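*Asks:* My structure is in work-v7.pdb, and what it holds is PDB, C-alpha atoms, pLDDT in the B column:
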ATOM      1  CA  GLY A1388     124.816 108.845  91.677  1.00 58.00           C
ATOM      2  CA  ALA A1389     124.932 112.552  90.924  1.00 81.00           C
ATOM      3  CA  GLY A1390     121.661 114.394  90.745  1.00 91.00           C
ATOM      4  CA  VAL A1391     120.626 117.357  88.671  1.00 94.00           C
ATOM      5  CA  SER A1392     122.971 120.270  89.212  1.00 95.00           C
ATOM      6  CA  GLN A1393     122.375 123.931  88.465  1.00 96.00           C
ATOM      7  CA  SER A1394     124.631 126.939  88.429  1.00 96.00           C
ATOM      8  CA  PRO A1395     124.938 129.516  89.718  1.00 96.00           C
ATOM      9  CA  SER A1396     122.961 128.886  92.893  1.00 95.00           C
ATOM     10  CA  ASN A1397     122.331 132.609  93.242  1.00 96.00           C
ATOM     11  CA  LYS A1398     122.471 135.386  90.693  1.00 97.00           C
ATOM     12  CA  VAL A1399     121.942 139.069  91.310  1.00 98.00           C
ATOM     13  CA  THR A1400     121.757 141.290  88.258  1.00 97.00           C
ATOM     14  CA  GLU A1401     120.683 144.741  87.257  1.00 97.00           C
ATOM     15  CA  LYS A1402     117.579 145.421  85.249  1.00 97.00           C
ATOM     16  CA  GLY A1403     118.332 145.298  81.537  1.00 97.00           C
ATOM     17  CA  LYS A1404     121.261 142.887  81.777  1.00 98.00           C
ATOM     18  CA  ASP A1405     121.302 139.427  80.190  1.00 98.00           C
ATOM     19  CA  VAL A1406     121.743 136.309  82.323  1.00 98.00           C
ATOM     20  CA  GLU A1407     122.527 132.666  81.607  1.00 98.00           C
ATOM     21  CA  LEU A1408     121.479 129.830  83.876  1.00 98.00           C
ATOM     22  CA  ARG A1409     122.945 126.378  83.517  1.00 97.00           C
ATOM     23  CA  CYS A1410     121.534 122.915  84.119  1.00 97.00           C
ATOM     24  CA  ASP A1411     123.395 119.600  84.156  1.00 95.00           C
ATOM     25  CA  PRO A1412     120.855 116.761  84.070  1.00 94.00           C
ATOM     26  CA  ILE A1413     121.333 113.288  85.452  1.00 92.00           C
ATOM     27  CA  SER A1414     123.539 111.265  83.125  1.00 89.00           C
ATOM     28  CA  GLY A1415     121.431 109.362  80.636  1.00 86.00           C
ATOM     29  CA  HIS A1416     118.323 111.479  81.161  1.00 88.00           C
ATOM     30  CA  THR A1417     117.348 112.778  77.759  1.00 84.00           C
ATOM     31  CA  ALA A1418     114.199 114.607  78.831  1.00 91.00           C
ATOM     32  CA  LEU A1419     114.864 118.002  80.418  1.00 94.00           C
ATOM     33  CA  TYR A1420     112.496 120.648  81.791  1.00 96.00           C
ATOM     34  CA  TRP A1421     112.811 124.192  83.025  1.00 97.00           C
ATOM     35  CA  TYR A1422     110.330 125.577  85.549  1.00 97.00           C
ATOM     36  CA  ARG A1423     110.089 128.865  87.387  1.00 97.00           C
ATOM     37  CA  GLN A1424     109.035 129.319  91.003  1.00 94.00           C
ATOM     38  CA  SER A1425     107.960 132.827  91.916  1.00 91.00           C
ATOM     39  CA  LEU A1426     105.863 134.365  94.654  1.00 83.00           C
ATOM     40  CA  GLY A1427     103.256 135.717  92.309  1.00 75.00           C
ATOM     41  CA  GLN A1428     102.940 132.856  89.839  1.00 77.00           C
ATOM     42  CA  GLY A1429     103.838 129.772  91.853  1.00 86.00           C
ATOM     43  CA  LEU A1430     105.582 126.959  90.002  1.00 92.00           C
ATOM     44  CA  GLU A1431     105.193 127.210  86.235  1.00 95.00           C
ATOM     45  CA  PHE A1432     106.500 125.240  83.291  1.00 95.00           C
ATOM     46  CA  LEU A1433     108.816 127.058  80.885  1.00 97.00           C
ATOM     47  CA  ILE A1434     110.299 124.693  78.309  1.00 96.00           C
ATOM     48  CA  TYR A1435     110.837 121.001  77.600  1.00 94.00           C
ATOM     49  CA  PHE A1436     113.578 119.246  75.647  1.00 92.00           C
ATOM     50  CA  GLN A1437     113.097 115.691  74.461  1.00 87.00           C
ATOM     51  CA  GLY A1438     116.124 114.098  72.917  1.00 79.00           C
ATOM     52  CA  ASN A1439     116.716 115.527  69.460  1.00 79.00           C
ATOM     53  CA  SER A1440     113.116 116.601  68.884  1.00 84.00           C
ATOM     54  CA  ALA A1441     112.027 120.223  68.664  1.00 87.00           C
ATOM     55  CA  PRO A1442     111.537 121.625  72.182  1.00 90.00           C
ATOM     56  CA  ASP A1443     108.149 122.513  73.636  1.00 92.00           C
ATOM     57  CA  LYS A1444     108.517 126.243  74.282  1.00 93.00           C
ATOM     58  CA  SER A1445     104.885 126.840  75.155  1.00 92.00           C
ATOM     59  CA  GLY A1446     105.637 128.038  78.692  1.00 93.00           C
ATOM     60  CA  LEU A1447     108.194 130.733  77.894  1.00 96.00           C
ATOM     61  CA  PRO A1448     106.650 134.011  79.100  1.00 94.00           C
ATOM     62  CA  SER A1449     108.179 136.297  76.471  1.00 94.00           C
ATOM     63  CA  ASP A1450     110.660 136.369  73.620  1.00 95.00           C
ATOM     64  CA  ARG A1451     113.294 137.575  76.077  1.00 97.00           C
ATOM     65  CA  PHE A1452     113.501 133.984  77.285  1.00 97.00           C
ATOM     66  CA  SER A1453     115.299 131.300  75.314  1.00 96.00           C
ATOM     67  CA  ALA A1454     116.942 127.992  76.054  1.00 96.00           C
ATOM     68  CA  GLU A1455     119.171 125.549  74.307  1.00 94.00           C
ATOM     69  CA  ARG A1456     120.477 122.133  74.974  1.00 92.00           C
ATOM     70  CA  THR A1457     123.873 121.199  73.623  1.00 83.00           C
ATOM     71  CA  GLY A1458     124.842 117.640  72.846  1.00 79.00           C
ATOM     72  CA  GLY A1459     121.673 116.302  74.406  1.00 75.00           C
ATOM     73  CA  SER A1460     122.977 117.042  77.884  1.00 88.00           C
ATOM     74  CA  VAL A1461     123.693 120.453  79.404  1.00 94.00           C
ATOM     75  CA  SER A1462     121.028 123.110  79.004  1.00 96.00           C
ATOM     76  CA  THR A1463     121.283 126.878  79.262  1.00 97.00           C
ATOM     77  CA  LEU A1464     118.357 129.186  79.924  1.00 98.00           C
ATOM     78  CA  THR A1465     119.013 132.738  78.780  1.00 98.00           C
ATOM     79  CA  ILE A1466     117.024 135.762  79.832  1.00 98.00           C
ATOM     80  CA  GLN A1467     117.723 138.926  77.859  1.00 98.00           C
ATOM     81  CA  ARG A1468     117.104 142.439  79.118  1.00 98.00           C
ATOM     82  CA  THR A1469     116.046 141.194  82.537  1.00 98.00           C
ATOM     83  CA  GLN A1470     113.110 142.815  84.301  1.00 97.00           C
ATOM     84  CA  GLN A1471     112.264 142.857  87.997  1.00 96.00           C
ATOM     85  CA  GLU A1472     109.358 140.486  87.406  1.00 94.00           C
ATOM     86  CA  ASP A1473     111.900 137.893  86.228  1.00 96.00           C
ATOM     87  CA  SER A1474     113.082 137.523  89.828  1.00 96.00           C
ATOM     88  CA  ALA A1475     112.342 133.931  90.794  1.00 97.00           C
ATOM     89  CA  VAL A1476     113.896 130.552  91.433  1.00 96.00           C
ATOM     90  CA  TYR A1477     114.553 128.747  88.158  1.00 97.00           C
ATOM     91  CA  LEU A1478     114.339 124.987  88.476  1.00 97.00           C
ATOM     92  CA  CYS A1479     115.609 122.353  86.109  1.00 97.00           C
ATOM     93  CA  ALA A1480     114.378 118.772  86.082  1.00 96.00           C
ATOM     94  CA  SER A1481     115.309 115.702  84.110  1.00 93.00           C
ATOM     95  CA  ARG A1482     113.872 112.252  83.568  1.00 90.00           C
ATOM     96  CA  ARG A1483     114.877 109.203  81.633  1.00 85.00           C
ATOM     97  CA  LEU A1484     113.299 108.958  78.222  1.00 71.00           C
ATOM     98  CA  ALA A1485     114.301 105.663  76.635  1.00 64.00           C
ATOM     99  CA  GLY A1486     111.927 102.930  77.700  1.00 66.00           C
ATOM    100  CA  GLY A1487     110.075 105.299  79.984  1.00 70.00           C
ATOM    101  CA  ALA A1488     106.788 107.158  80.086  1.00 75.00           C
ATOM    102  CA  PRO A1489     105.922 110.856  80.356  1.00 74.00           C
ATOM    103  CA  THR A1490     104.720 110.168  83.894  1.00 75.00           C
ATOM    104  CA  ASP A1491     108.086 108.875  85.060  1.00 82.00           C
ATOM    105  CA  THR A1492     109.650 110.724  87.951  1.00 87.00           C
ATOM    106  CA  GLN A1493     111.183 114.097  87.219  1.00 91.00           C
ATOM    107  CA  TYR A1494     114.271 114.786  89.302  1.00 93.00           C
ATOM    108  CA  PHE A1495     114.704 118.411  90.213  1.00 94.00           C
ATOM    109  CA  GLY A1496     117.862 120.400  90.737  1.00 95.00           C
ATOM    110  CA  PRO A1497     118.342 122.810  93.641  1.00 93.00           C
ATOM    111  CA  GLY A1498     117.477 125.806  91.500  1.00 95.00           C
ATOM    112  CA  THR A1499     119.045 129.142  90.674  1.00 97.00           C
ATOM    113  CA  ARG A1500     117.697 132.094  92.638  1.00 96.00           C
ATOM    114  CA  LEU A1501     117.638 135.099  90.311  1.00 97.00           C
ATOM    115  CA  THR A1502     117.252 138.573  91.736  1.00 97.00           C
ATOM    116  CA  VAL A1503     116.841 141.488  89.353  1.00 97.00           C
ATOM    117  CA  LEU A1504     117.488 144.860  90.972  1.00 96.00           C
TER     118      LEU A1504
ATOM    119  CA  GLY B 927      93.490 124.994  80.113  1.00 85.00           C
ATOM    120  CA  ASP B 928      94.548 122.469  82.703  1.00 90.00           C
ATOM    121  CA  SER B 929      94.871 123.725  86.268  1.00 93.00           C
ATOM    122  CA  VAL B 930      95.368 122.587  89.855  1.00 96.00           C
ATOM    123  CA  THR B 931      93.895 124.155  92.966  1.00 96.00           C
ATOM    124  CA  GLN B 932      95.071 123.250  96.418  1.00 94.00           C
ATOM    125  CA  MET B 933      94.144 124.537  99.820  1.00 86.00           C
ATOM    126  CA  GLU B 934      95.949 127.570 100.991  1.00 83.00           C
ATOM    127  CA  GLY B 935      98.236 127.359 103.931  1.00 85.00           C
ATOM    128  CA  PRO B 936      99.947 127.557 106.142  1.00 94.00           C
ATOM    129  CA  VAL B 937      98.645 124.493 107.894  1.00 96.00           C
ATOM    130  CA  THR B 938      99.841 124.136 111.461  1.00 97.00           C
ATOM    131  CA  LEU B 939      99.395 120.845 113.286  1.00 97.00           C
ATOM    132  CA  SER B 940     100.624 119.213 116.420  1.00 97.00           C
ATOM    133  CA  GLU B 941     102.738 116.083 116.153  1.00 97.00           C
ATOM    134  CA  GLU B 942     100.680 112.895 115.628  1.00 96.00           C
ATOM    135  CA  ALA B 943      97.706 114.841 114.270  1.00 97.00           C
ATOM    136  CA  PHE B 944      95.856 113.752 111.122  1.00 97.00           C
ATOM    137  CA  LEU B 945      96.713 115.634 107.956  1.00 97.00           C
ATOM    138  CA  THR B 946      94.603 116.395 104.924  1.00 97.00           C
ATOM    139  CA  ILE B 947      95.679 118.772 102.172  1.00 97.00           C
ATOM    140  CA  ASN B 948      92.978 119.209  99.564  1.00 97.00           C
ATOM    141  CA  CYS B 949      93.752 119.240  95.854  1.00 97.00           C
ATOM    142  CA  THR B 950      91.346 119.480  92.929  1.00 97.00           C
ATOM    143  CA  TYR B 951      92.111 119.696  89.263  1.00 96.00           C
ATOM    144  CA  THR B 952      90.682 120.687  85.905  1.00 95.00           C
ATOM    145  CA  ALA B 953      91.943 118.840  82.870  1.00 92.00           C
ATOM    146  CA  THR B 954      90.868 117.406  79.576  1.00 86.00           C
ATOM    147  CA  GLY B 955      91.380 113.725  79.074  1.00 83.00           C
ATOM    148  CA  TYR B 956      92.957 111.599  81.752  1.00 86.00           C
ATOM    149  CA  PRO B 957      95.825 113.339  83.526  1.00 91.00           C
ATOM    150  CA  SER B 958      98.304 111.756  85.877  1.00 92.00           C
ATOM    151  CA  LEU B 959      98.437 113.261  89.350  1.00 95.00           C
ATOM    152  CA  PHE B 960     101.373 113.901  91.652  1.00 96.00           C
ATOM    153  CA  TRP B 961     102.330 115.239  95.043  1.00 97.00           C
ATOM    154  CA  TYR B 962     105.750 116.843  95.300  1.00 97.00           C
ATOM    155  CA  VAL B 963     107.383 117.989  98.521  1.00 97.00           C
ATOM    156  CA  GLN B 964     109.978 120.658  99.188  1.00 94.00           C
ATOM    157  CA  TYR B 965     111.689 120.323 102.571  1.00 94.00           C
ATOM    158  CA  PRO B 966     113.414 123.405 103.989  1.00 90.00           C
ATOM    159  CA  GLY B 967     116.640 124.066 102.144  1.00 86.00           C
ATOM    160  CA  GLU B 968     116.139 121.154  99.778  1.00 88.00           C
ATOM    161  CA  GLY B 969     115.000 120.670  96.208  1.00 88.00           C
ATOM    162  CA  LEU B 970     111.615 119.545  95.001  1.00 93.00           C
ATOM    163  CA  GLN B 971     111.097 115.793  95.146  1.00 93.00           C
ATOM    164  CA  LEU B 972     108.334 113.419  94.181  1.00 94.00           C
ATOM    165  CA  LEU B 973     106.313 112.162  97.141  1.00 97.00           C
ATOM    166  CA  LEU B 974     103.745 109.984  95.362  1.00 97.00           C
ATOM    167  CA  LYS B 975     101.759 109.690  92.168  1.00 95.00           C
ATOM    168  CA  ALA B 976      98.737 108.048  90.561  1.00 95.00           C
ATOM    169  CA  THR B 977      98.311 107.590  86.844  1.00 91.00           C
ATOM    170  CA  LYS B 978      94.698 106.468  86.512  1.00 90.00           C
ATOM    171  CA  ALA B 979      91.357 106.801  88.233  1.00 92.00           C
ATOM    172  CA  ASP B 980      90.964 105.030  91.586  1.00 95.00           C
ATOM    173  CA  ASP B 981      94.718 104.476  91.870  1.00 95.00           C
ATOM    174  CA  LYS B 982      96.166 105.177  95.296  1.00 97.00           C
ATOM    175  CA  GLY B 983      99.666 106.574  95.568  1.00 97.00           C
ATOM    176  CA  SER B 984     101.514 106.101  98.852  1.00 97.00           C
ATOM    177  CA  ASN B 985     104.919 106.845 100.317  1.00 97.00           C
ATOM    178  CA  LYS B 986     106.360 107.610 103.757  1.00 95.00           C
ATOM    179  CA  GLY B 987     102.945 107.180 105.364  1.00 97.00           C
ATOM    180  CA  PHE B 988     101.296 109.639 102.986  1.00 98.00           C
ATOM    181  CA  GLU B 989      98.453 108.567 100.714  1.00 98.00           C
ATOM    182  CA  ALA B 990      96.364 110.106  97.968  1.00 98.00           C
ATOM    183  CA  THR B 991      93.617 108.549  95.847  1.00 98.00           C
ATOM    184  CA  TYR B 992      92.840 109.643  92.287  1.00 97.00           C
ATOM    185  CA  ARG B 993      89.109 110.456  92.320  1.00 96.00           C
ATOM    186  CA  LYS B 994      87.882 111.197  88.830  1.00 94.00           C
ATOM    187  CA  GLU B 995      84.273 111.743  89.880  1.00 94.00           C
ATOM    188  CA  THR B 996      85.292 114.604  92.176  1.00 95.00           C
ATOM    189  CA  THR B 997      88.436 115.584  90.207  1.00 96.00           C
ATOM    190  CA  SER B 998      90.425 115.397  93.421  1.00 97.00           C
ATOM    191  CA  PHE B 999      93.702 114.025  94.745  1.00 98.00           C
ATOM    192  CA  HIS B1000      93.739 114.898  98.432  1.00 98.00           C
ATOM    193  CA  LEU B1001      96.884 114.158 100.422  1.00 98.00           C
ATOM    194  CA  GLU B1002      96.482 112.423 103.789  1.00 98.00           C
ATOM    195  CA  LYS B1003      98.661 111.165 106.587  1.00 98.00           C
ATOM    196  CA  GLY B1004      97.403 109.553 109.742  1.00 97.00           C
ATOM    197  CA  SER B1005     100.063 110.852 112.135  1.00 96.00           C
ATOM    198  CA  VAL B1006     102.372 113.687 111.160  1.00 97.00           C
ATOM    199  CA  GLN B1007     105.846 114.233 112.528  1.00 97.00           C
ATOM    200  CA  VAL B1008     107.910 117.379 112.951  1.00 97.00           C
ATOM    201  CA  SER B1009     110.072 116.140 110.077  1.00 96.00           C
ATOM    202  CA  ASP B1010     107.053 116.384 107.738  1.00 97.00           C
ATOM    203  CA  SER B1011     107.221 120.177 107.924  1.00 97.00           C
ATOM    204  CA  ALA B1012     107.623 121.265 104.311  1.00 96.00           C
ATOM    205  CA  VAL B1013     105.824 122.782 101.337  1.00 95.00           C
ATOM    206  CA  TYR B1014     103.578 120.341  99.462  1.00 97.00           C
ATOM    207  CA  PHE B1015     102.671 120.784  95.805  1.00 96.00           C
ATOM    208  CA  CYS B1016      99.902 119.000  93.970  1.00 97.00           C
ATOM    209  CA  ALA B1017     100.542 118.653  90.237  1.00 96.00           C
ATOM    210  CA  LEU B1018      99.144 117.095  87.102  1.00 94.00           C
ATOM    211  CA  SER B1019     100.609 115.901  83.859  1.00 91.00           C
ATOM    212  CA  GLY B1020      98.057 116.326  81.111  1.00 83.00           C
ATOM    213  CA  SER B1021      97.279 114.566  77.887  1.00 71.00           C
ATOM    214  CA  SER B1022     100.366 115.801  76.021  1.00 74.00           C
ATOM    215  CA  ASN B1023     103.221 113.345  75.746  1.00 79.00           C
ATOM    216  CA  THR B1024     105.763 115.741  77.211  1.00 87.00           C
ATOM    217  CA  GLY B1025     105.143 114.995  80.866  1.00 88.00           C
ATOM    218  CA  LYS B1026     105.264 118.692  81.708  1.00 91.00           C
ATOM    219  CA  LEU B1027     103.812 119.374  85.124  1.00 94.00           C
ATOM    220  CA  ILE B1028     101.166 121.903  86.092  1.00 94.00           C
ATOM    221  CA  PHE B1029     101.452 122.733  89.770  1.00 95.00           C
ATOM    222  CA  GLY B1030      99.129 124.047  92.412  1.00 95.00           C
ATOM    223  CA  GLN B1031     100.191 126.992  94.515  1.00 94.00           C
ATOM    224  CA  GLY B1032     101.730 124.884  97.270  1.00 94.00           C
ATOM    225  CA  THR B1033     100.676 124.375 100.876  1.00 95.00           C
ATOM    226  CA  THR B1034     103.065 125.003 103.735  1.00 95.00           C
ATOM    227  CA  LEU B1035     102.792 122.494 106.554  1.00 97.00           C
ATOM    228  CA  GLN B1036     104.270 123.215 109.950  1.00 97.00           C
ATOM    229  CA  VAL B1037     104.223 120.481 112.545  1.00 97.00           C
ATOM    230  CA  LYS B1038     104.872 121.482 116.147  1.00 96.00           C
ATOM    231  CA  PRO B1039     106.177 119.064 118.772  1.00 94.00           C
TER     232      PRO B1039
END
Using structure tokens, write down the structure from this file.

*Replies:*
Amino acid sequence: GAGVSQSPSNKVTEKGKDVELRCDPISGHTALYWYRQSLGQGLEFLIYFQGNSAPDKSGLPSDRFSAERTGGSVSTLTIQRTQQEDSAVYLCASRRLAGGAPTDTQYFGPGTRLTVL
Amino acid sequence: GDSVTQMEGPVTLSEEAFLTINCTYTATGYPSLFWYVQYPGEGLQLLLKATKADDKGSNKGFEATYRKETTSFHLEKGSVQVSDSAVYFCALSGSSNTGKLIFGQGTTLQVKP
């Protein structure tokens, strides 16, 4: 079956511009995560969506970062007024929720490589 | 807060050598522990996991045992292959019910023929 997909695979933008990154989770996976992989910070959690519950935004580094999930499926991560330190690979992961446990396998997408010039 | 520390790389081994990648953690409560692997050009994928103390996770010849007394989850393989060359991440999922992962810095393994 199809895995987690992310688009675009690469994004180059200028400092100060807004960017949107998209994640399509595995069909039927109602738990969705965003992570960021950067040279300086390693792999870090950003935000978690669980079904229709309020998201866990505790990992978002600043109020320039926001994310939404429409219809319980596709998610968009938006970064406003991008800065050079936002350059990283943004990873999305999903896992099944119904009948599962928090420790169930998270399936990761290939990531979006963001470069802010 | 919760954290994971793993040995810095890169680790370079010859084929058929024994592998150990050290991982220790700090967490409140009883976290679950994971090893993820990122092969060149591929996405992150789960290698193995353990959800309670003394559990042993295993997959593809790799093993790791959840040691609560030493707060460790070291990854081992008896005989590495060139195809094992990748970046390995130790991670924990803490006491929250979200399942969010806290990762170590990653260890690059290079296996030479």

*Asks:* Taking the file as shown, find all residues satisfying the ChimeraX specification (/A :<7) & /B and write them as a PyMOL selection string.

*Replies:* chain B and resi 958+968-972+1023-1029+1031

*Asks:* Given the file shown, determine the residues that the PyMOL selection byres ((chain B and resi 945-955) around 7) selects; report them as a list in words.

*Replies:* Gly927, Asp928, Ser929, Val930, Thr931, Gln932, Met933, Ala943, Phe944, Tyr956, Pro957, Thr997, Ser998, Phe999, His1000, Leu1001, Glu1002, Lys1003, Gly1004, Val1006, Cys1016, Gly1020 and Ser1021 of chain B

*Asks:* Would you write out, as a ChimeraX atom specification, every residue that the PyMOL selection byres ((chain A and resi 1457) around 12) captures in this file?

*Replies:* /A:1409-1412,1417,1419,1436,1438-1439,1454-1456,1458-1464

*Asks:* Please produce a file of those selected residues containing C-alpha atoms, as a short mmCIF file (atom, residue, chain, number, x, y, z; two decimals), in the coordinates of the input.

*Replies:*
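And here's result24.cif as it stands now:
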data_model
loop_
_atom_site.label_atom_id
_atom_site.label_comp_id
_atom_site.auth_asym_id
_atom_site.auth_seq_id
_atom_site.Cartn_x
_atom_site.Cartn_y
_atom_site.Cartn_z
CA ARG A 1409 122.94 126.38 83.52
CA CYS A 1410 121.53 122.92 84.12
CA ASP A 1411 123.40 119.60 84.16
CA PRO A 1412 120.86 116.76 84.07
CA THR A 1417 117.35 112.78 77.76
CA LEU A 1419 114.86 118.00 80.42
CA PHE A 1436 113.58 119.25 75.65
CA GLY A 1438 116.12 114.10 72.92
CA ASN A 1439 116.72 115.53 69.46
CA ALA A 1454 116.94 127.99 76.05
CA GLU A 1455 119.17 125.55 74.31
CA ARG A 1456 120.48 122.13 74.97
CA GLY A 1458 124.84 117.64 72.85
CA GLY A 1459 121.67 116.30 74.41
CA SER A 1460 122.98 117.04 77.88
CA VAL A 1461 123.69 120.45 79.40
CA SER A 1462 121.03 123.11 79.00
CA THR A 1463 121.28 126.88 79.26
CA LEU A 1464 118.36 129.19 79.92
#

*Asks:* Using all atoms listed in the file, determine which residues lie at most 6 Å from B:Phe1015, disregarding the query and same-chain residues fewer than 3 positions distant; provide the list as an NGL selection string.

*Replies:* :B and (961-962 or 1030 or 1032)

*Asks:* Please provide the set of residues having any atom within 9 Å of A:Ser1474, restricted to only C-alpha atoms, with same-chain residues fewer than 6 positions apart removed, written as a list in words.

*Replies:* Ser1425, Arg1500, Leu1501, Thr1502, Val1503 and Leu1504 of chain A

*Asks:* Counting all atoms listed in the file, what is within 9 Å of A:Thr1469, bar same-chain residues fewer than 2 positions away, as number ranges by chain?

*Replies:* A: 1400-1406, 1451, 1466-1467, 1471-1474, 1503

*Asks:* Nearest to B:Tyr992: which of B:Ser1005, B:Ser1011, B:Glu941, B:Phe960 is it, counting all atoms listed in the file?

*Replies:*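 Nearest to B:Tyr992: B:Phe960.
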